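Just below is one structure, and these are the notes that go with it.
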Amino acid sequence: VQLQASGGGLVQAGGSLRLSCVASGGTFSNYAMAWFRQAPGKEREFVAYINWSGGSTNYADSVKGRFTISRDNAKNTVYLQMNGLKPEDTAVYYCAADISYYRSVYFTSGSLHEYDYWGQGTLVTVSS
């Protein structure tokens, strides 16, 4: 499975961006998908999860109410709509796929170790 993330860029605080991640080489609709991010000097952290159908989502407290994860299984694509961006959202954003059947339905912990495939990352910079 190959994941290609895009959509990052420079935005002012309060602005919006939409990230996309296109999957190839696997059965996208079988997988849970997630977004993680890694700021300079910090560990990679969970941002958002979506189950195989899009019927269940989960968010980190820091982005809840501002970010929305969605997917289009016909296009093999997962999205992250980011509104109300803050300077502390500055990071490289990674999409990830989890091939576990159970976690394709149910969110568990959001641990990055649960995810089997990773995209290359896309940089989001939020200026104050």
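Lettering and numbering for the structure tokens are positional, with chains as A, B, ... in the shown order, residues counted from 1 in each chain, and ligands counted from 1 in the shown order.
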
request  = Extract, using only C-alpha atoms, all DNA, RNA and protein residues at most 6 Å from range 113-121 of chain A, discarding same-chain residues fewer than 6 positions from it, and format them as a list in words.
outcome  =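 Close residues of range 113-121 of chain A: Leu3, Gln4, Ala5, Val92, Tyr93, Tyr94, Cys95, Ala96, Ala97 and Asp98 of chain A.
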
message = According to DSSP computed on the backbone, where in chain A is there strand (DSSP E or B)? Give the residues as a ChimeraX atom specification.
response = /A:2-6,9-12,17-24,32-38,45-50,57-59,67-72,77-82,91-98,117-118,122-127

ask   = When distances are computed from only C-alpha atoms, which of A:Gly84, A:Gly25, A:Gly55, A:Gly14 shows the smallest separation from Ser70 in chain A?
value = A:Gly55

Distance of CA of Ser104 in chain A from CA of Met33 in chain A, expressed in Å to one decimal place =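 We find that CA of Met33 in chain A and CA of Ser104 in chain A lie 8.0 Å from each other.
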
key: Counting only C-alpha atoms, the residue of A:Leu80, A:Ile99, A:Ala74, A:Leu19 that sits nearest Thr57 in chain A   = A:Leu80

task = Would you list the contacts of Phe67 in chain A as a list in words, taking every protein, DNA or RNA residue within 8 Å and counting only C-alpha atoms, but skipping same-chain residues closer than 2 positions in sequence?
result = Val63, Lys64, Gly65, Ile69, Leu80, Gln81, Met82 and Asn83 of chain A

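Distances here use only C-alpha atoms; by that measure, the residue among A:Ser62, A:Thr27, A:Gln38, A:Asn73 closest to Thr125 in chain A is A:Gln38.
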
inquiry  = Could you check the closest approach to Tyr106 in chain A for each of A:Ser20, A:Ser53, A:Thr68, A:Thr77 and tell me which residue wins, using only C-alpha atoms?
reply    = A:Ser53

request  = Tell me which of A:Asn76, A:Ser24, A:Thr90, A:Ser56 sits closest to Ser128 in chain A, counting only C-alpha atoms.
outcome  =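 Looking at the shortest contact to Ser128 in chain A, the residue is A:Thr90.
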
request  = May I ask for the distance between CA of Asn51 in chain A and CA of Arg71 in chain A, given in Å to one decimal place?
outcome  =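 Here the two named atoms are 9.1 Å from each other.
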
request  = Name the residues of chain A that fall into helix (DSSP H, G or I) according to DSSP on the backbone, using the chain letters and numbers of this document, as a list in words.
outcome  =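 The helix (DSSP H, G or I) subset of chain A is Phe28, Ser29, Asn30, Pro87, Glu88, Asp89, Tyr101, Tyr102, Arg103, Ser104, Val105, Leu112, His113 and Glu114 of chain A.
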
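When only C-alpha atoms are used to measure the gap to Arg37 in chain A, the shortest distance among A:Val105, A:Val126, A:Ala91, A:Leu112 belongs to A:Ala91.
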
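Interatomic distance, CA of Phe28 in chain A against CA of Trp52 in chain A: 8.1 Å.
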
query = What's the 9 Å shell around Gly7 in chain A, counting only C-alpha atoms, without same-chain residues fewer than 4 positions away, as a list in words?
reply =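 Counting only the stated atoms, we get Leu17, Arg18, Leu19, Ser20, Cys21, Thr122, Leu123 and Val124 of chain A.
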